[in-house]
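File shown: coords24.txt (compact mmCIF, C-alpha atoms).
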# COMPACT_ATOMS: atom_id res chain seq x y z
CA VAL A 96 -46.62 -38.02 -39.42
CA GLN A 97 -49.52 -38.73 -41.73
CA LEU A 98 -49.45 -41.51 -44.27
CA GLN A 99 -52.30 -41.45 -46.77
CA ALA A 100 -53.28 -44.67 -48.49
CA SER A 101 -55.71 -44.81 -51.39
CA GLY A 102 -56.81 -46.97 -54.29
CA GLY A 103 -58.88 -49.63 -52.59
CA GLY A 104 -62.27 -50.69 -53.82
CA LEU A 105 -64.46 -53.51 -55.05
CA VAL A 106 -63.13 -55.68 -57.84
CA GLN A 107 -64.06 -59.02 -59.33
CA ALA A 108 -61.82 -62.01 -58.98
CA GLY A 109 -59.10 -61.91 -61.59
CA GLY A 110 -59.08 -58.13 -61.63
CA SER A 111 -56.44 -55.62 -60.64
CA LEU A 112 -56.04 -52.69 -58.30
CA ARG A 113 -53.23 -50.28 -57.60
CA LEU A 114 -52.81 -48.92 -54.11
CA SER A 115 -50.90 -45.72 -53.42
CA CYS A 116 -49.50 -44.29 -50.23
CA ALA A 117 -48.10 -40.80 -49.75
CA PHE A 118 -45.73 -39.84 -46.96
CA PRO A 119 -43.28 -37.05 -46.16
CA LYS A 120 -40.02 -37.46 -48.07
CA SER A 121 -38.15 -36.55 -44.91
CA ILE A 122 -38.83 -39.96 -43.36
CA ILE A 123 -37.55 -42.08 -46.27
CA GLY A 124 -33.86 -42.16 -45.44
CA GLY A 125 -32.81 -45.55 -44.10
CA ALA A 126 -36.43 -46.67 -43.87
CA THR A 127 -38.46 -49.53 -45.28
CA MET A 128 -41.89 -48.90 -46.77
CA GLY A 129 -44.38 -51.69 -46.58
CA TRP A 130 -47.90 -52.81 -47.24
CA TYR A 131 -49.74 -54.90 -44.69
CA ARG A 132 -53.24 -56.29 -44.72
CA GLN A 133 -55.74 -57.48 -42.19
CA ALA A 134 -58.63 -59.69 -43.16
CA PRO A 135 -61.69 -60.07 -40.92
CA GLY A 136 -60.89 -62.25 -37.94
CA LYS A 137 -57.21 -62.50 -38.85
CA GLU A 138 -54.02 -60.84 -37.71
CA ARG A 139 -52.33 -58.14 -39.69
CA GLU A 140 -49.75 -59.59 -42.07
CA LEU A 141 -46.96 -58.22 -44.20
CA VAL A 142 -47.75 -58.26 -47.91
CA ALA A 143 -44.75 -56.51 -49.45
CA ARG A 144 -41.96 -54.16 -48.52
CA ILE A 145 -39.30 -52.08 -50.20
CA THR A 146 -36.26 -50.35 -48.76
CA SER A 147 -35.31 -46.78 -49.50
CA GLY A 148 -32.53 -48.28 -51.58
CA GLY A 149 -35.01 -50.18 -53.74
CA THR A 150 -34.67 -53.75 -52.47
CA SER A 151 -38.08 -55.38 -52.30
CA ASP A 152 -39.77 -58.62 -51.41
CA VAL A 153 -43.32 -59.91 -51.23
CA ALA A 154 -45.13 -62.53 -49.21
CA ALA A 155 -45.30 -66.02 -50.68
CA SER A 156 -49.08 -65.82 -50.86
CA VAL A 157 -48.95 -62.93 -53.34
CA LYS A 158 -45.73 -63.65 -55.17
CA GLY A 159 -46.16 -63.38 -58.91
CA ARG A 160 -49.35 -61.37 -58.49
CA PHE A 161 -48.42 -58.30 -56.42
CA THR A 162 -45.62 -55.83 -57.10
CA ILE A 163 -44.39 -53.11 -54.77
CA SER A 164 -42.64 -50.02 -56.04
CA ALA A 165 -41.72 -46.60 -54.74
CA ASP A 166 -41.00 -43.12 -55.99
CA ASN A 167 -38.78 -41.61 -53.32
CA SER A 168 -38.68 -38.24 -55.07
CA LYS A 169 -42.42 -37.93 -54.58
CA GLY A 170 -42.73 -39.72 -51.25
CA MET A 171 -44.93 -42.45 -52.68
CA VAL A 172 -45.13 -46.21 -52.43
CA PHE A 173 -47.38 -48.35 -54.60
CA LEU A 174 -48.81 -51.84 -54.57
CA LEU A 175 -49.95 -53.23 -57.90
CA MET A 176 -52.24 -56.17 -57.34
CA ASN A 177 -53.06 -58.46 -60.24
CA SER A 178 -55.06 -61.68 -60.48
CA LEU A 179 -56.93 -60.83 -57.32
CA VAL A 180 -58.75 -63.60 -55.48
CA PRO A 181 -61.41 -63.38 -52.77
CA GLU A 182 -58.78 -64.31 -50.18
CA ASP A 183 -57.08 -60.97 -50.88
CA THR A 184 -60.06 -59.18 -49.36
CA ALA A 185 -58.76 -57.13 -46.46
CA ILE A 186 -57.96 -53.68 -45.20
CA TYR A 187 -54.58 -52.71 -46.58
CA TYR A 188 -52.25 -50.46 -44.60
CA CYS A 189 -49.08 -48.71 -45.64
CA ASN A 190 -46.21 -48.44 -43.22
CA VAL A 191 -42.86 -46.70 -42.98
CA LYS A 192 -40.38 -48.18 -40.54
CA ARG A 193 -36.85 -47.25 -39.65
CA THR A 194 -34.89 -49.60 -37.38
CA ILE A 195 -31.70 -47.59 -37.04
CA THR A 196 -31.43 -44.53 -34.83
CA PRO A 197 -33.60 -42.53 -34.91
CA THR A 198 -36.08 -45.36 -35.03
CA TYR A 199 -39.73 -44.89 -35.91
CA THR A 200 -42.77 -46.62 -37.30
CA PHE A 201 -45.63 -44.81 -38.97
CA TRP A 202 -48.89 -46.29 -40.17
CA GLY A 203 -51.43 -44.97 -42.60
CA ARG A 204 -55.15 -45.38 -42.36
CA GLY A 205 -56.22 -48.50 -44.14
CA THR A 206 -57.88 -48.77 -47.49
CA LEU A 207 -60.41 -51.54 -48.04
CA VAL A 208 -59.98 -54.01 -50.86
CA THR A 209 -62.91 -56.31 -51.57
CA VAL A 210 -62.61 -59.06 -54.15
CA SER A 211 -65.85 -60.67 -55.22
CA SER A 212 -66.05 -64.18 -56.60
Once more with this new file: its structure as structure tokens, please.
Amino acid sequence: VQLQASGGGLVQAGGSLRLSCAFPKSIIGGATMGWYRQAPGKERELVARITSGGTSDVAASVKGRFTISADNSKGMVFLLMNSLVPEDTAIYYCNVKRTITPTYTFWGRGTLVTVSS
């Protein structure tokens, strides 16, 4: 299964970016879609996630600045990032995970976000 993330780029501190991720609609049922990021020299961390039913949450470090949303009819998940800071610089990955049978986890190729000071 191919997940396709896009929307990364170079932005100045205080700016905004919107990431998008496309995936087959067939894998949405009972799954959670998420955005993770990995900064240089750091472990991959969860940024935000949303269930197929629409329940979402975000990491404390981005709360109030990042918003996750999804359009299940189109097989898309989005991450709107506002008030970006240099510490948000990382490769961002989208993920679809289902923890009930049949279980699966799919990752997209990352998209690089660079925030300059």
Build an axis-aligned box that encloses every atom of region 188-201 of chain A listed in the file, pad it by 6 Å on each side, and report its centre and edge lengths in Å to one decimal, as JSON.
{"center_x": -41.8, "center_y": -46.5, "center_z": -40.2, "size_x": 32.8, "size_y": 19.9, "size_z": 22.8}
- Query: When you draw a straight line from CA of Thr206 (chain A) to CA of Lys192 (chain A), how long is it in Å?
  - Reply: 18.8 Å
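Closest approach to Lys120 (chain A) among A:Leu207, A:Val96, A:Glu182, A:Ser212: A:Val96, based on only C-alpha atoms.
Here the selection is built from all atoms listed in the file, and the residues within 6 Å of (-41.5, -55.7, -53.9) turn out to be Ala143, Arg144, Ile145, Ser151, Asp152, Val153, Thr162 and Ile163 of chain A.
For Ser115 (chain A), the set of protein, DNA and RNA residues having any atom at most 6 Å away, when counting only C-alpha atoms and skipping those fewer than 2 positions along the same chain, is Ala100, Ser101, Val172 and Phe173 of chain A.
Shortest atom-to-atom contact with Gln133 (chain A) among A:Gln99, A:Ser164, A:Ser178, A:Thr184: A:Thr184, counting only C-alpha atoms.
For the residues A:Asp183, A:Arg160, A:Trp202, A:Pro197, ranking by smallest atom-to-atom distance to Ala108 (chain A) using all atoms listed in the file places A:Asp183 first.
Among the candidate residues A:Ala134, A:Leu112, A:Ala154, A:Ala165, the one lying nearest to Leu179 (chain A) is A:Leu112, with distances computed using all atoms listed in the file.
CA of Gly103 (chain A) to CA of Arg193 (chain A) spans 25.7 Å [interatomic distance, one decimal].
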Restrict the output to region 119-133 of chain A and N, CA, C and O atoms, then write it as a tab-separated table (two decimals), in the first residue's frame.
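The file below, part_1.tsv, is the result:
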chain	number	residue	atom	x	y	z
A	119	PRO	N	-5.20	4.73	-0.03
A	119	PRO	CA	-6.39	4.05	-0.54
A	119	PRO	C	-7.53	4.10	0.47
A	119	PRO	O	-7.33	3.83	1.66
A	120	LYS	N	-8.72	4.44	0.01
A	120	LYS	CA	-9.87	4.52	0.92
A	120	LYS	C	-10.17	3.18	1.56
A	120	LYS	O	-10.75	3.11	2.64
A	121	SER	N	-9.75	2.11	0.92
A	121	SER	CA	-10.07	0.77	1.43
A	121	SER	C	-9.42	0.46	2.77
A	121	SER	O	-9.83	-0.47	3.45
A	122	ILE	N	-8.40	1.23	3.18
A	122	ILE	CA	-7.71	0.93	4.43
A	122	ILE	C	-8.16	1.82	5.58
A	122	ILE	O	-7.62	1.76	6.67
A	123	ILE	N	-9.17	2.66	5.35
A	123	ILE	CA	-9.58	3.63	6.37
A	123	ILE	C	-10.38	2.98	7.51
A	123	ILE	O	-10.19	3.34	8.68
A	124	GLY	N	-11.22	2.03	7.20
A	124	GLY	CA	-12.13	1.48	8.17
A	124	GLY	C	-11.46	0.98	9.44
A	124	GLY	O	-10.58	0.12	9.37
A	125	GLY	N	-11.84	1.55	10.58
A	125	GLY	CA	-11.29	1.11	11.85
A	125	GLY	C	-9.85	1.51	12.08
A	125	GLY	O	-9.22	1.04	13.03
A	126	ALA	N	-9.32	2.38	11.23
A	126	ALA	CA	-7.91	2.75	11.33
A	126	ALA	C	-7.74	4.15	11.91
A	126	ALA	O	-8.68	4.92	12.00
A	127	THR	N	-6.51	4.43	12.31
A	127	THR	CA	-6.12	5.76	12.76
A	127	THR	C	-5.06	6.29	11.82
A	127	THR	O	-4.10	5.57	11.50
A	128	MET	N	-5.25	7.51	11.36
A	128	MET	CA	-4.28	8.16	10.48
A	128	MET	C	-3.45	9.13	11.32
A	128	MET	O	-4.01	9.86	12.15
A	129	GLY	N	-2.18	9.12	11.09
A	129	GLY	CA	-1.33	9.97	11.92
A	129	GLY	C	-0.22	10.64	11.15
A	129	GLY	O	0.12	10.24	10.03
A	130	TRP	N	0.32	11.66	11.78
A	130	TRP	CA	1.53	12.32	11.29
A	130	TRP	C	2.61	12.18	12.35
A	130	TRP	O	2.36	12.45	13.53
A	131	TYR	N	3.76	11.75	11.92
A	131	TYR	CA	4.93	11.63	12.77
A	131	TYR	C	6.03	12.51	12.19
A	131	TYR	O	5.98	12.90	11.03
A	132	ARG	N	7.01	12.79	13.01
A	132	ARG	CA	8.16	13.53	12.50
A	132	ARG	C	9.44	13.01	13.12
A	132	ARG	O	9.42	12.47	14.23
A	133	GLN	N	10.51	13.18	12.39
A	133	GLN	CA	11.82	12.79	12.89
A	133	GLN	C	12.82	13.89	12.55
A	133	GLN	O	13.08	14.16	11.37
